Amino acid sequence: MGLLDDKVVLVNGGSQGVGAAIARAAVREGAVVAVTGRRTEPGEALVAELAAAGGKALFVRADLSDAEQAKASVAEVVDAYGRIDCLVNSAGLTSRGTLLDTTPELFDQHIAINLKAPFFAMQAAVQDMVARKAPGTIVNIITSSAHGGQPFLAPYVSAKAGLIGLTRNAAHAHRWDRVRINGLNIGWTATEGEDATQKAFHAADDGWRESAAAGLPMGKLGQPDEIADFVVFLLSERSGVVTGSVIDWDQNVLGGLD
């Protein structure tokens with residue numbers, strides 16, 4: 001038996017990167033999966049890949065910066081499958097900005113994607129779970145930078161730190177509903193989005209991953225498939241009673257100094 005047999009899982013921001021890896025792992029573990037994304041082509045390509053592997057998957061086109069579309073993504077899954085058992089909020093905006101140069105528009109963009117979208121997707125998912133008096137699980141993909149982060153991540157850190165508070169608040173509020181909500185503070189990860197970010201904002205060349213890996217303790221960046229396995233565990237009953245935990249998934253030790 002798989003860890004998520006017959007579970008209905010929605011992965012927001014699931015058409016590439018960490019989200020896509022989570023979708024693949026969830027299907028492997030027996031789940032029915034829906035993924036959201038703004039771009040139709042990669043979303044439908046992933047769904048076709050999952051179907052070819054014997055999985056059952058659905059692509060929901062949604063711009064999660066719009067709270068109504070974030071809620072509607074859950075509603076579409078419930079309409080298609082009758083319920084939602086698990087939600088993963090993995091969409092993220094990582095565009096750069098410091099305290100001194102961040103515009104109100106950039107700040108609002110980060111709040112919309114990194115905080116408001118998870119809030120209203122969680123609202124819709126928990127409403128379904130509570131209405132059915134059924135247990136459920138949610139995992140929010142956060143960031144180790146939420147502990148402070150680099151100066152050029154000011155709006156990103158602000159929003160993601162808010163997501164940590166939301167994760168714990170919602171977990172506490174719905175513990176008696178048997179809805180478990182946890183977060184994962186992931187570190188530097190090798191994704192398509194990170195590749196684009198490094199090239200757009202840091203003038204990186206095609207070999208940046210190898211150079212970056214050489215300077216990291218484990219000799220590699222975080223790998224999406226490894227993160228996905230951990231997320232599937234947190235979504236599954238094998239993670240037991242744990243709720244309200246925000247776990248640092250990184251190779252840099254918080255508070256450690258050389």
# chains A, B, ... in the order shown; residues from 1 in each chain; ligands from 1
call {"tool": "residues_around", "arguments": {"residues": "segment 11-25 of chain A", "least_positions_apart": "6", "cutoff": "6 Å", "atoms": "only C-alpha atoms", "output": "ChimeraX atom specification"}}
result
/A:35-37,42-43,88-91,191-192,224-225,228
call {"tool": "select_by_dssp", "arguments": {"residues": "segment 144-243 of chain A", "states": "alpha helix (DSSP H)", "output": "ChimeraX atom specification"}}
result
/A:154-173,192-202,208-214,224-235
call {"tool": "residues_around", "arguments": {"residues": "Ala121 of chain A", "least_positions_apart": "6", "cutoff": "7 Å", "atoms": "only C-alpha atoms", "output": "PyMOL selection string"}}
result
chain A and resi 70-71+74
call {"tool": "select_by_dssp", "arguments": {"residues": "segment 78-256 of chain A", "states": "strand (DSSP E or B)", "output": "list in words"}}
result
Cys86, Leu87, Val88, Asn89, Gly97, Gly136, Thr137, Ile138, Val139, Asn140, Ile141, Leu153, Val179, Arg180, Ile181, Asn182, Gly183, Leu184, Asn185, Ile186, Thr189, Gly222, Val246, Ile247, Asp248 and Trp249 of chain A
call {"tool": "atom_distance", "arguments": {"atom1": "atom CA of Tyr156 of chain A", "atom2": "atom CA of Thr189 of chain A"}}
result
15.8 Å
call {"tool": "residues_around", "arguments": {"residues": "segment 93-96 of chain A", "least_positions_apart": "3", "cutoff": "7 Å", "atoms": "only C-alpha atoms", "output": "ChimeraX atom specification"}}
result
/A:110,113-114,152-153,156
call {"tool": "closest_residue", "arguments": {"among": "A:Ser211, A:Thr197, A:Thr98, A:Ser236", "to": "Ala26 of chain A", "atoms": "only C-alpha atoms"}}
result
A:Ser236
call {"tool": "closest_residue", "arguments": {"among": "A:Val77, A:Ala45, A:Ala72, A:Leu163", "to": "Val33 of chain A", "atoms": "only C-alpha atoms"}}
result
A:Val77
call {"tool": "residues_around", "arguments": {"residues": "Gln127 of chain A", "least_positions_apart": "5", "cutoff": "12 Å", "atoms": "only C-alpha atoms", "output": "ChimeraX atom specification"}}
result
/A:71,74-75,78,83-85,120-122,132-136,174,177,179
call {"tool": "write_last_selection", "arguments": {"atoms": "N, CA, C and O atoms", "output": "PDB file, in the first residue's frame"}}
result
ATOM      1  N   LYS A  71      -9.166  30.121  -3.939  1.00  0.00           N
ATOM      2  CA  LYS A  71     -10.299  29.382  -3.380  1.00  0.00           C
ATOM      3  C   LYS A  71     -10.949  28.497  -4.442  1.00  0.00           C
ATOM      4  O   LYS A  71     -11.341  27.352  -4.156  1.00  0.00           O
ATOM      5  N   VAL A  74      -9.502  24.987  -5.087  1.00  0.00           N
ATOM      6  CA  VAL A  74      -9.984  23.943  -4.174  1.00  0.00           C
ATOM      7  C   VAL A  74     -11.371  23.491  -4.590  1.00  0.00           C
ATOM      8  O   VAL A  74     -11.670  22.286  -4.630  1.00  0.00           O
ATOM      9  N   ALA A  75     -12.244  24.444  -4.908  1.00  0.00           N
ATOM     10  CA  ALA A  75     -13.612  24.105  -5.306  1.00  0.00           C
ATOM     11  C   ALA A  75     -13.632  23.215  -6.540  1.00  0.00           C
ATOM     12  O   ALA A  75     -14.449  22.286  -6.641  1.00  0.00           O
ATOM     13  N   VAL A  78     -12.800  19.694  -5.460  1.00  0.00           N
ATOM     14  CA  VAL A  78     -13.944  19.096  -4.767  1.00  0.00           C
ATOM     15  C   VAL A  78     -15.038  18.728  -5.769  1.00  0.00           C
ATOM     16  O   VAL A  78     -15.664  17.660  -5.670  1.00  0.00           O
ATOM     17  N   ARG A  83     -14.174  15.678  -2.849  1.00  0.00           N
ATOM     18  CA  ARG A  83     -13.571  16.069  -1.571  1.00  0.00           C
ATOM     19  C   ARG A  83     -12.130  16.495  -1.816  1.00  0.00           C
ATOM     20  O   ARG A  83     -11.593  16.310  -2.912  1.00  0.00           O
ATOM     21  N   ILE A  84     -11.514  17.045  -0.785  1.00  0.00           N
ATOM     22  CA  ILE A  84     -10.068  17.264  -0.774  1.00  0.00           C
ATOM     23  C   ILE A  84      -9.548  16.737   0.561  1.00  0.00           C
ATOM     24  O   ILE A  84     -10.089  17.057   1.620  1.00  0.00           O
ATOM     25  N   ASP A  85      -8.533  15.884   0.503  1.00  0.00           N
ATOM     26  CA  ASP A  85      -7.944  15.295   1.707  1.00  0.00           C
ATOM     27  C   ASP A  85      -6.654  15.978   2.128  1.00  0.00           C
ATOM     28  O   ASP A  85      -6.347  16.045   3.318  1.00  0.00           O
ATOM     29  N   PHE A 120      -6.101  31.612   1.673  1.00  0.00           N
ATOM     30  CA  PHE A 120      -7.441  31.365   1.155  1.00  0.00           C
ATOM     31  C   PHE A 120      -7.596  29.963   0.553  1.00  0.00           C
ATOM     32  O   PHE A 120      -8.704  29.407   0.571  1.00  0.00           O
ATOM     33  N   ALA A 121      -6.506  29.366   0.086  1.00  0.00           N
ATOM     34  CA  ALA A 121      -6.580  27.953  -0.311  1.00  0.00           C
ATOM     35  C   ALA A 121      -6.816  27.082   0.918  1.00  0.00           C
ATOM     36  O   ALA A 121      -7.625  26.148   0.897  1.00  0.00           O
ATOM     37  N   MET A 122      -6.120  27.393   2.013  1.00  0.00           N
ATOM     38  CA  MET A 122      -6.334  26.664   3.258  1.00  0.00           C
ATOM     39  C   MET A 122      -7.756  26.865   3.765  1.00  0.00           C
ATOM     40  O   MET A 122      -8.400  25.921   4.231  1.00  0.00           O
ATOM     41  N   ARG A 132     -17.368  17.965   6.124  1.00  0.00           N
ATOM     42  CA  ARG A 132     -17.517  16.511   6.020  1.00  0.00           C
ATOM     43  C   ARG A 132     -17.168  15.804   7.325  1.00  0.00           C
ATOM     44  O   ARG A 132     -17.265  14.584   7.403  1.00  0.00           O
ATOM     45  N   LYS A 133     -16.707  16.574   8.316  1.00  0.00           N
ATOM     46  CA  LYS A 133     -16.230  15.997   9.581  1.00  0.00           C
ATOM     47  C   LYS A 133     -15.175  14.929   9.321  1.00  0.00           C
ATOM     48  O   LYS A 133     -15.160  13.855   9.921  1.00  0.00           O
ATOM     49  N   ALA A 134     -14.275  15.264   8.404  1.00  0.00           N
ATOM     50  CA  ALA A 134     -13.234  14.328   7.976  1.00  0.00           C
ATOM     51  C   ALA A 134     -11.855  14.903   8.291  1.00  0.00           C
ATOM     52  O   ALA A 134     -11.649  16.115   8.202  1.00  0.00           O
ATOM     53  N   PRO A 135     -10.900  14.055   8.659  1.00  0.00           N
ATOM     54  CA  PRO A 135      -9.531  14.540   8.887  1.00  0.00           C
ATOM     55  C   PRO A 135      -8.889  14.963   7.570  1.00  0.00           C
ATOM     56  O   PRO A 135      -9.320  14.564   6.490  1.00  0.00           O
ATOM     57  N   GLY A 136      -7.847  15.775   7.688  1.00  0.00           N
ATOM     58  CA  GLY A 136      -7.105  16.191   6.504  1.00  0.00           C
ATOM     59  C   GLY A 136      -5.723  16.652   6.894  1.00  0.00           C
ATOM     60  O   GLY A 136      -5.414  16.802   8.094  1.00  0.00           O
ATOM     61  N   HIS A 174      -7.544  24.220  14.359  1.00  0.00           N
ATOM     62  CA  HIS A 174      -8.275  23.086  13.793  1.00  0.00           C
ATOM     63  C   HIS A 174      -7.757  21.723  14.252  1.00  0.00           C
ATOM     64  O   HIS A 174      -8.033  20.703  13.619  1.00  0.00           O
ATOM     65  N   ASP A 177     -10.491  19.358  14.906  1.00  0.00           N
ATOM     66  CA  ASP A 177     -11.123  18.874  13.675  1.00  0.00           C
ATOM     67  C   ASP A 177     -10.292  17.774  13.022  1.00  0.00           C
ATOM     68  O   ASP A 177     -10.667  17.263  11.962  1.00  0.00           O
ATOM     69  N   VAL A 179      -7.513  18.167  11.592  1.00  0.00           N
ATOM     70  CA  VAL A 179      -6.834  18.700  10.415  1.00  0.00           C
ATOM     71  C   VAL A 179      -5.425  19.082  10.851  1.00  0.00           C
ATOM     72  O   VAL A 179      -5.245  19.992  11.661  1.00  0.00           O
TER      73      VAL A 179
END
call {"tool": "closest_residue", "arguments": {"among": "A:Leu115, A:Leu235, A:Leu221, A:Val32", "to": "Val157 of chain A", "atoms": "only C-alpha atoms"}}
result
A:Leu115
call {"tool": "closest_residue", "arguments": {"among": "A:Ser65, A:Gln223, A:Ser245, A:Gln123", "to": "Ile142 of chain A", "atoms": "only C-alpha atoms"}}
result
A:Ser245
call {"tool": "closest_residue", "arguments": {"among": "A:Ala51, A:Val126, A:Ala112, A:Ala200", "to": "Ile181 of chain A", "atoms": "only C-alpha atoms"}}
result
A:Val126
call {"tool": "residues_around", "arguments": {"residues": "Asp195 of chain A", "least_positions_apart": "6", "cutoff": "12 Å", "atoms": "only C-alpha atoms", "output": "count of residues only"}}
result
16
call {"tool": "atom_distance", "arguments": {"atom1": "atom CA of Asn140 of chain A", "atom2": "atom CA of Lys199 of chain A"}}
result
26.4 Å
call {"tool": "atom_distance", "arguments": {"atom1": "atom CA of Asp248 of chain A", "atom2": "atom CA of Leu50 of chain A"}}
result
29.1 Å
call {"tool": "closest_residue", "arguments": {"among": "A:Gly222, A:Gly92, A:Gly244, A:Pro217", "to": "Arg168 of chain A", "atoms": "only C-alpha atoms"}}
result
A:Gly244
call {"tool": "residues_around", "arguments": {"residues": "Leu99 of chain A", "least_positions_apart": "6", "cutoff": "8 Å", "atoms": "only C-alpha atoms", "output": "list of chain:residue names"}}
result
A:Pro151, A:Phe152, A:Ala154, A:Pro155
call {"tool": "write_last_selection", "arguments": {"atoms": "N, CA and C atoms", "output": "short mmCIF file (atom, residue, chain, number, x, y, z; two decimals), in the first residue's frame"}}
result
data_model
loop_
_atom_site.label_atom_id
_atom_site.label_comp_id
_atom_site.auth_asym_id
_atom_site.auth_seq_id
_atom_site.Cartn_x
_atom_site.Cartn_y
_atom_site.Cartn_z
N PRO A 151 19.61 40.34 2.63
CA PRO A 151 19.03 41.68 2.50
C PRO A 151 18.16 41.86 1.26
N PHE A 152 18.47 41.14 0.18
CA PHE A 152 17.72 41.33 -1.06
C PHE A 152 16.42 40.52 -1.11
N ALA A 154 13.84 41.02 1.22
CA ALA A 154 13.01 41.64 2.25
C ALA A 154 11.51 41.37 2.08
N PRO A 155 10.90 41.56 0.90
CA PRO A 155 9.46 41.30 0.81
C PRO A 155 9.13 39.82 0.85
#
